[in-house]
>>> print(open('structure.txt').read())   # compact mmCIF, C-alpha atoms and all ligand atoms
# COMPACT_ATOMS: atom_id res chain seq x y z
CA MET A 1 -159.59 -13.09 98.75
CA SER A 2 -160.74 -15.85 96.45
CA GLN A 3 -163.99 -17.76 96.35
CA THR A 4 -162.26 -20.62 98.10
CA GLN A 5 -162.27 -18.44 101.23
CA GLN A 6 -165.66 -19.02 102.73
CA ILE A 7 -168.08 -16.17 103.32
CA THR A 8 -170.90 -17.08 105.66
CA ASN A 9 -171.60 -14.20 108.03
CA VAL A 10 -172.28 -10.87 106.38
CA LEU A 11 -172.89 -7.65 108.29
CA ILE A 12 -175.32 -5.30 106.56
CA VAL A 13 -174.83 -1.65 107.50
CA GLY A 14 -177.94 0.41 106.75
CA ALA A 15 -179.99 -2.78 106.96
CA THR A 16 -183.21 -0.94 107.81
CA GLY A 17 -182.87 1.27 104.73
CA SER A 18 -184.56 0.87 101.37
CA VAL A 19 -181.60 -0.92 99.77
CA GLY A 20 -180.34 -2.46 103.01
CA ARG A 21 -183.55 -4.43 103.58
CA LEU A 22 -183.31 -5.89 100.09
CA THR A 23 -179.63 -6.63 100.68
CA VAL A 24 -180.56 -8.70 103.71
CA GLN A 25 -182.94 -10.68 101.47
CA ALA A 26 -180.30 -11.03 98.74
CA ALA A 27 -177.81 -12.34 101.30
CA ARG A 28 -180.27 -15.02 102.38
CA ARG A 29 -181.10 -15.89 98.79
CA ASN A 30 -177.41 -16.47 98.15
CA GLY A 31 -177.00 -18.76 101.15
CA LEU A 32 -175.37 -16.25 103.50
CA HIS A 33 -176.20 -15.44 107.11
CA PRO A 34 -177.04 -11.71 107.33
CA ARG A 35 -176.53 -9.70 110.50
CA ALA A 36 -178.12 -6.26 110.60
CA LEU A 37 -176.44 -3.26 112.21
CA VAL A 38 -179.29 -1.13 113.56
CA ARG A 39 -179.84 1.92 115.73
CA ASP A 40 -183.27 0.90 117.00
CA VAL A 41 -183.48 -2.82 117.77
CA GLN A 42 -187.23 -2.82 118.38
CA ARG A 43 -188.03 -1.12 115.07
CA ALA A 44 -185.53 -3.30 113.21
CA THR A 45 -187.01 -6.50 114.60
CA LEU A 46 -190.35 -5.51 113.08
CA LEU A 47 -188.79 -4.51 109.75
CA LEU A 48 -186.51 -7.53 109.50
CA PRO A 49 -188.33 -10.49 111.04
CA GLY A 50 -186.09 -13.44 111.83
CA VAL A 51 -182.88 -11.53 111.08
CA GLU A 52 -180.04 -11.27 113.59
CA VAL A 53 -179.90 -7.62 114.66
CA VAL A 54 -177.01 -5.99 116.51
CA PRO A 55 -177.24 -2.48 117.92
CA GLY A 56 -174.75 0.14 116.82
CA ASP A 57 -174.53 3.75 115.73
CA LEU A 58 -172.17 4.72 112.92
CA GLU A 59 -171.34 7.91 114.79
CA ASN A 60 -170.21 6.01 117.87
CA PRO A 61 -167.14 3.92 116.94
CA THR A 62 -167.06 1.83 120.10
CA SER A 63 -170.69 0.78 119.55
CA LEU A 64 -169.65 -0.95 116.29
CA ARG A 65 -167.21 -3.50 117.68
CA ARG A 66 -169.81 -6.13 118.55
CA ALA A 67 -171.47 -5.86 115.15
CA VAL A 68 -168.27 -6.37 113.14
CA GLU A 69 -167.02 -9.27 115.27
CA GLY A 70 -166.93 -12.50 113.28
CA ALA A 71 -168.16 -10.89 110.04
CA ASP A 72 -166.63 -12.56 106.99
CA ALA A 73 -168.00 -9.74 104.87
CA ILE A 74 -169.58 -6.32 105.29
CA VAL A 75 -172.00 -4.55 102.96
CA LEU A 76 -172.35 -0.80 103.50
CA THR A 77 -175.65 0.64 102.27
CA HIS A 78 -176.14 3.37 104.89
CA GLY A 79 -176.99 6.95 103.99
CA SER A 80 -177.65 10.33 105.57
CA GLY A 81 -180.88 11.05 103.67
CA GLY A 82 -183.46 12.50 106.07
CA ASP A 83 -180.80 13.69 108.52
CA PRO A 84 -181.37 17.47 108.70
CA ARG A 85 -177.86 18.41 109.84
CA PRO A 86 -175.93 20.33 107.16
CA ASP A 87 -172.88 18.17 107.82
CA ALA A 88 -174.77 14.86 107.93
CA ARG A 89 -172.96 13.53 104.85
CA ALA A 90 -169.62 14.04 106.55
CA HIS A 91 -170.82 12.31 109.72
CA ILE A 92 -172.79 9.43 108.17
CA ASP A 93 -171.88 8.78 104.52
CA TYR A 94 -168.18 9.36 105.14
CA GLY A 95 -167.74 9.03 108.91
CA GLY A 96 -169.72 5.79 108.97
CA VAL A 97 -167.24 4.11 106.62
CA ARG A 98 -164.27 5.48 108.58
CA ASN A 99 -165.69 4.25 111.88
CA ILE A 100 -166.54 0.79 110.57
CA LEU A 101 -163.01 0.41 109.15
CA GLN A 102 -161.45 1.63 112.38
CA SER A 103 -163.52 -0.80 114.45
CA LEU A 104 -162.18 -3.87 112.64
CA GLY A 105 -158.96 -4.35 114.59
CA SER A 106 -156.99 -7.05 112.80
CA ALA A 107 -160.03 -8.54 111.02
CA ARG A 108 -159.97 -8.57 107.20
CA PRO A 109 -163.54 -9.03 105.97
CA ARG A 110 -164.46 -8.62 102.34
CA VAL A 111 -166.36 -5.34 101.87
CA ALA A 112 -168.97 -4.13 99.39
CA LEU A 113 -169.63 -0.38 99.55
CA MET A 114 -172.62 1.27 97.90
CA THR A 115 -171.98 4.91 97.00
CA SER A 116 -173.58 6.75 94.08
CA ILE A 117 -173.41 7.11 90.31
CA TYR A 118 -172.61 10.77 90.96
CA ALA A 119 -169.74 10.03 93.38
CA THR A 120 -167.17 11.79 91.19
CA ARG A 121 -169.47 14.33 89.50
CA THR A 122 -169.15 18.03 90.24
CA ASP A 123 -171.63 19.29 87.61
CA VAL A 124 -174.93 17.95 88.99
CA PRO A 125 -177.28 19.51 91.57
CA GLY A 126 -176.27 18.53 95.10
CA ALA A 127 -172.84 17.28 93.99
CA ASN A 128 -170.56 16.69 96.95
CA PRO A 129 -167.37 14.72 97.52
CA TRP A 130 -168.35 12.76 100.65
CA LYS A 131 -169.12 9.44 98.98
CA ARG A 132 -165.94 9.70 96.94
CA ARG A 133 -164.00 10.39 100.10
CA SER A 134 -165.57 7.35 101.78
CA GLU A 135 -164.49 5.22 98.81
CA ARG A 136 -160.91 6.43 99.24
CA LEU A 137 -160.85 5.19 102.82
CA LEU A 138 -161.86 1.73 101.69
CA ARG A 139 -159.25 1.67 98.91
CA VAL A 140 -156.41 2.51 101.30
CA SER A 141 -157.67 0.04 103.91
CA GLY A 142 -156.05 -2.89 102.12
CA LEU A 143 -159.24 -4.90 102.56
CA PRO A 144 -160.66 -6.92 99.68
CA TYR A 145 -163.43 -4.70 98.32
CA THR A 146 -165.88 -3.80 95.59
CA ILE A 147 -167.45 -0.35 95.24
CA VAL A 148 -170.86 -0.16 93.56
CA ARG A 149 -172.11 3.26 92.40
CA PRO A 150 -175.79 2.79 91.56
CA GLY A 151 -177.94 5.08 89.46
CA TRP A 152 -181.37 6.43 90.40
CA PHE A 153 -183.20 3.98 92.62
CA ASP A 154 -186.23 2.38 90.94
CA HIS A 155 -186.13 4.86 88.05
CA ALA A 156 -185.94 2.00 85.56
CA GLY A 157 -189.11 0.50 84.07
CA PRO A 158 -190.07 -3.14 84.60
CA THR A 159 -188.61 -4.16 81.22
CA GLN A 160 -185.31 -2.39 81.92
CA ARG A 161 -183.42 -5.17 83.66
CA ARG A 162 -180.25 -5.42 81.58
CA LEU A 163 -177.37 -4.43 83.82
CA VAL A 164 -174.85 -1.87 82.60
CA LEU A 165 -171.59 -1.63 84.53
CA GLU A 166 -169.28 1.21 83.51
CA GLN A 167 -166.35 3.20 84.79
CA GLY A 168 -165.26 6.82 84.30
CA GLY A 169 -168.12 8.59 86.05
CA THR A 170 -170.20 9.62 83.03
CA LEU A 171 -172.96 6.99 83.06
CA ASP A 172 -176.47 8.06 84.11
CA GLY A 173 -179.80 6.27 84.53
CA GLY A 174 -181.94 4.23 86.86
CA ILE A 175 -181.95 0.75 88.35
CA ALA A 176 -184.19 -1.32 90.60
CA ARG A 177 -183.17 -1.35 94.25
CA GLU A 178 -183.46 -5.14 94.24
CA GLN A 179 -180.85 -5.34 91.45
CA ILE A 180 -178.48 -3.10 93.43
CA ALA A 181 -178.85 -5.40 96.44
CA GLU A 182 -178.15 -8.47 94.32
CA ALA A 183 -175.07 -6.84 92.76
CA LEU A 184 -173.67 -5.95 96.19
CA ILE A 185 -174.03 -9.51 97.46
CA ARG A 186 -172.77 -11.09 94.23
CA SER A 187 -169.70 -8.87 94.38
CA LEU A 188 -168.76 -10.53 97.68
CA LEU A 189 -168.97 -13.95 96.11
CA THR A 190 -167.27 -13.31 92.78
CA ASP A 191 -163.49 -13.21 92.35
CA SER A 192 -163.62 -10.94 89.31
CA ALA A 193 -165.30 -8.16 91.36
CA LEU A 194 -162.31 -7.80 93.63
CA GLY A 195 -160.70 -4.35 93.82
CA LYS A 196 -163.15 -2.80 91.35
CA THR A 197 -165.28 0.36 91.35
CA PHE A 198 -168.09 0.85 88.88
CA GLU A 199 -171.28 2.71 88.05
CA LEU A 200 -174.41 0.57 87.71
CA ILE A 201 -177.71 1.15 85.88
CA ALA A 202 -180.21 -1.03 83.99
CA THR A 203 -181.47 -0.61 80.43
CA GLU A 204 -184.04 -2.36 78.24
CA GLY A 205 -183.63 -6.14 78.24
CA SER A 206 -183.28 -9.06 80.61
CA GLN A 207 -180.88 -9.31 83.50
CA GLN A 208 -177.72 -11.24 82.73
CA SER A 209 -176.92 -14.25 84.88
CA ASN A 210 -173.13 -14.48 84.57
CA TRP A 211 -171.82 -12.19 87.31
CA SER A 212 -168.26 -13.32 86.84
CA GLU A 213 -168.36 -12.04 83.26
CA LEU A 214 -170.15 -8.81 84.21
CA PHE A 215 -167.54 -7.91 86.81
CA GLY A 216 -164.72 -9.44 84.79
CA ARG A 217 -165.00 -6.87 81.97
CA LEU A 218 -164.13 -4.04 84.34
CA LYS A 219 -160.69 -2.61 85.07
CA ALA A 220 -159.39 -3.08 88.60
CA ASP A 221 -158.54 0.05 90.58
CA GLU A 222 -154.83 0.77 90.59
CA GLY A 223 -153.28 -0.57 93.78
CA ASN A 224 -151.62 2.70 94.76
CA SER A 225 -154.42 5.05 93.71
CA LEU A 226 -156.98 6.65 96.00
CA ASP A 227 -159.49 6.75 93.16
CA GLY A 228 -161.38 4.24 91.07
CA ALA A 229 -160.08 3.10 87.70
CA LEU A 230 -160.81 5.83 85.10
CA ASP A 231 -162.05 8.33 87.71
CA PRO A 232 -161.38 11.99 86.90
CA ASN A 233 -158.25 13.30 88.55
CA ASP A 234 -159.86 16.37 90.11
CA LEU A 235 -159.80 15.85 93.89
CA PRO A 236 -156.11 16.08 94.77
CA VAL A 237 -155.40 14.67 98.20
CA GLY A 238 -152.96 17.50 98.91
CA SER A 239 -155.85 19.97 98.76
CA GLU A 240 -158.06 17.95 101.09
CA PRO A 241 -158.65 19.20 104.67
CA ALA A 242 -156.03 18.04 107.18
CA ASP A 243 -158.47 15.93 109.23
CA LEU A 244 -159.44 13.92 106.13
CA ARG A 245 -155.79 13.28 105.29
CA GLN A 246 -155.31 12.12 108.86
CA ASP A 247 -158.23 9.70 108.46
CA LEU A 248 -156.55 8.21 105.37
CA ASP A 249 -153.29 7.83 107.29
CA ALA A 250 -155.08 6.23 110.25
CA VAL A 251 -156.83 3.69 108.03
CA ARG A 252 -153.53 2.92 106.26
CA SER A 253 -151.74 2.36 109.57
CA ARG A 254 -154.49 0.04 110.74
CA LEU A 255 -153.58 -2.03 107.70
CA ARG A 256 -149.90 -2.09 108.67
CA GLU A 257 -150.78 -3.13 112.23
CA ALA A 258 -153.11 -5.87 110.97
CA ARG A 259 -150.31 -7.49 108.93
N1 LIG B 301 -182.05 7.74 95.75
C1 LIG B 301 -181.26 7.41 94.75
O1 LIG B 301 -181.69 7.33 93.60
C2 LIG B 301 -179.82 7.10 95.02
C3 LIG B 301 -178.98 6.74 93.97
C4 LIG B 301 -177.65 6.40 94.25
C5 LIG B 301 -177.20 6.42 95.56
N2 LIG B 301 -178.04 6.80 96.55
C6 LIG B 301 -177.52 6.82 97.92
O2 LIG B 301 -178.13 5.77 98.63
C7 LIG B 301 -178.23 6.12 100.00
C8 LIG B 301 -179.63 5.88 100.46
O3 LIG B 301 -179.91 4.50 100.41
P1 LIG B 301 -181.29 4.00 101.00
O4 LIG B 301 -182.43 4.62 100.27
O5 LIG B 301 -181.23 2.53 101.15
O6 LIG B 301 -181.18 4.67 102.44
P2 LIG B 301 -182.30 4.91 103.53
O7 LIG B 301 -183.55 4.15 103.21
O8 LIG B 301 -182.38 6.39 103.77
O9 LIG B 301 -181.61 4.22 104.77
C9 LIG B 301 -180.47 4.73 105.37
C10 LIG B 301 -179.92 3.66 106.29
O10 LIG B 301 -178.75 4.19 106.95
C11 LIG B 301 -178.94 3.97 108.34
N3 LIG B 301 -178.24 4.96 109.14
C12 LIG B 301 -178.26 6.31 109.01
N4 LIG B 301 -177.53 6.86 109.99
C13 LIG B 301 -177.05 5.84 110.76
C14 LIG B 301 -176.25 5.78 111.92
N5 LIG B 301 -175.77 6.88 112.53
N6 LIG B 301 -175.95 4.58 112.43
C15 LIG B 301 -176.42 3.44 111.86
N7 LIG B 301 -177.19 3.44 110.75
C16 LIG B 301 -177.50 4.63 110.21
C17 LIG B 301 -180.44 4.09 108.56
O11 LIG B 301 -180.79 3.56 109.81
P3 LIG B 301 -182.14 4.00 110.59
O12 LIG B 301 -183.23 3.09 110.05
O13 LIG B 301 -181.83 3.78 112.00
O14 LIG B 301 -182.40 5.44 110.24
C18 LIG B 301 -180.94 3.27 107.38
O15 LIG B 301 -180.81 1.91 107.64
C19 LIG B 301 -177.93 7.59 100.12
O16 LIG B 301 -176.67 7.73 100.74
C20 LIG B 301 -177.91 8.07 98.70
O17 LIG B 301 -176.96 9.08 98.48
C21 LIG B 301 -179.33 7.13 96.32
>>> encode(input="structure.txt", output="structure tokens")
Amino acid sequence: MSQTQQITNVLIVGATGSVGRLTVQAARRNGLHPRALVRDVQRATLLLPGVEVVPGDLENPTSLRRAVEGADAIVLTHGSGGDPRPDARAHIDYGGVRNILQSLGSARPRVALMTSIYATRTDVPGANPWKRRSERLLRVSGLPYTIVRPGWFDHAGPTQRRLVLEQGGTLDGGIAREQIAEALIRSLLTDSALGKTFELIATEGSQQSNWSELFGRLKADEGNSLDGALDPNDLPVGSEPADLRQDLDAVRSRLREAR
């Protein structure tokens, strides 16, 4: 998709969350019409005054159809934090992406997915592959996408505004939530962000203004790879559980049907 293809309506998944709320604001700031996918309409209306809210639960695929209808773009900022179930990451972080993709029918919105700076790490406390697996679904979907892996939310000081975008999974550090939200929305509107996956933090200095250049320096993911450019090759698909391989196949066939 190029910038000449108009993006107006953007669905924000996780819109009531700490980054999602700021993403709604960033969408408005950039001239887009945000629509919030929410579980609790009453609560969301209070949190997001004046924003279009559409009910839906990421665990209930049929409930998502109305929300995705007519979306030119989708930003996924949902997360399972606070969900006490031991398998919440599988159901929400991963299953939410699968169910959104499966609900699209023949639609081909541009997608921005927020995962985590530790998406590919195995050596940090709490490391788990669910975000990485969710990224793989998006890569095989054939949709125009950008995957943003932010560092520690709001663990950057007020003078640390200079954005650092890297690939390879070794970067670490913090970034303001508001900068993550802006990066997600800008990725939808910038050609050079297409098909790219990157880690994102902020260091000492001012925020750059040329998003095209920031995204443009990055390598695009390889078209036939499940992983991001420069990701470690340590999660072979052949060793993945059968149901996850089936999910990848189902998302790939949706692409074939949509053609
Ligand atoms: N903390 C960090 O430093 C850090 C760094 C990098 C990445 N991350 C990742 O960022 C994510 C957290 O972001 P955040 O702080 O913005 O999240 P958050 O404030 O916990 O919000 C989570 C959002 O997901 C929504 N959600 C959860 N389950 C849902 C479901 N079944 N259907 C529909 N919506 C659902 C929540 O909706 P409700 O309002 O209805 O609950 C809420 O809008 C986590 O996945 C985390 O791994 C965090």
>>> residues_around(input="structure.txt", residues="A:Arg110", least_positions_apart="4", cutoff="8 Å", atoms="only C-alpha atoms", output="list of chain:residue names")
A:Met1, A:Asp72, A:Ala73, A:Ile74, A:Leu143, A:Pro144, A:Tyr145, A:Leu188
>>> closest_residue(input="structure.txt", among="A:Thr77, A:Ser18, A:Ser239, A:Thr122", to="A:Arg149", atoms="all atoms listed in the file")
A:Thr77
>>> closest_residue(input="structure.txt", among="A:Gly216, A:Pro84, A:Gly205, A:Pro241", to="ligand LIG 301 (chain B)", atoms="all atoms listed in the file")
A:Pro84
>>> closest_residue(input="structure.txt", among="A:Ala242, A:Pro236, A:Arg136, A:Ala181", to="A:Asn224", atoms="only C-alpha atoms")
A:Arg136
>>> residues_near_ligand(input="structure.txt", ligand="ligand LIG 301 (chain B)", cutoff="7 Å", atoms="only C-alpha atoms and all ligand atoms", output="MDAnalysis selection string")
chainID A and resid 13:20 37:40 56:59 77:82 92:93 115:117 149:153
>>> closest_residue(input="structure.txt", among="A:Glu166, A:Asp249, A:Asp191, A:Glu204", to="A:Asp231", atoms="all atoms listed in the file")
A:Glu166
>>> atom_distance(input="structure.txt", atom1="atom CA of A:Gly50", atom2="atom CA of A:Val68")
19.2 Å
>>> atom_distance(input="structure.txt", atom1="atom CA of A:Leu163", atom2="atom CA of A:Val124")
23.1 Å
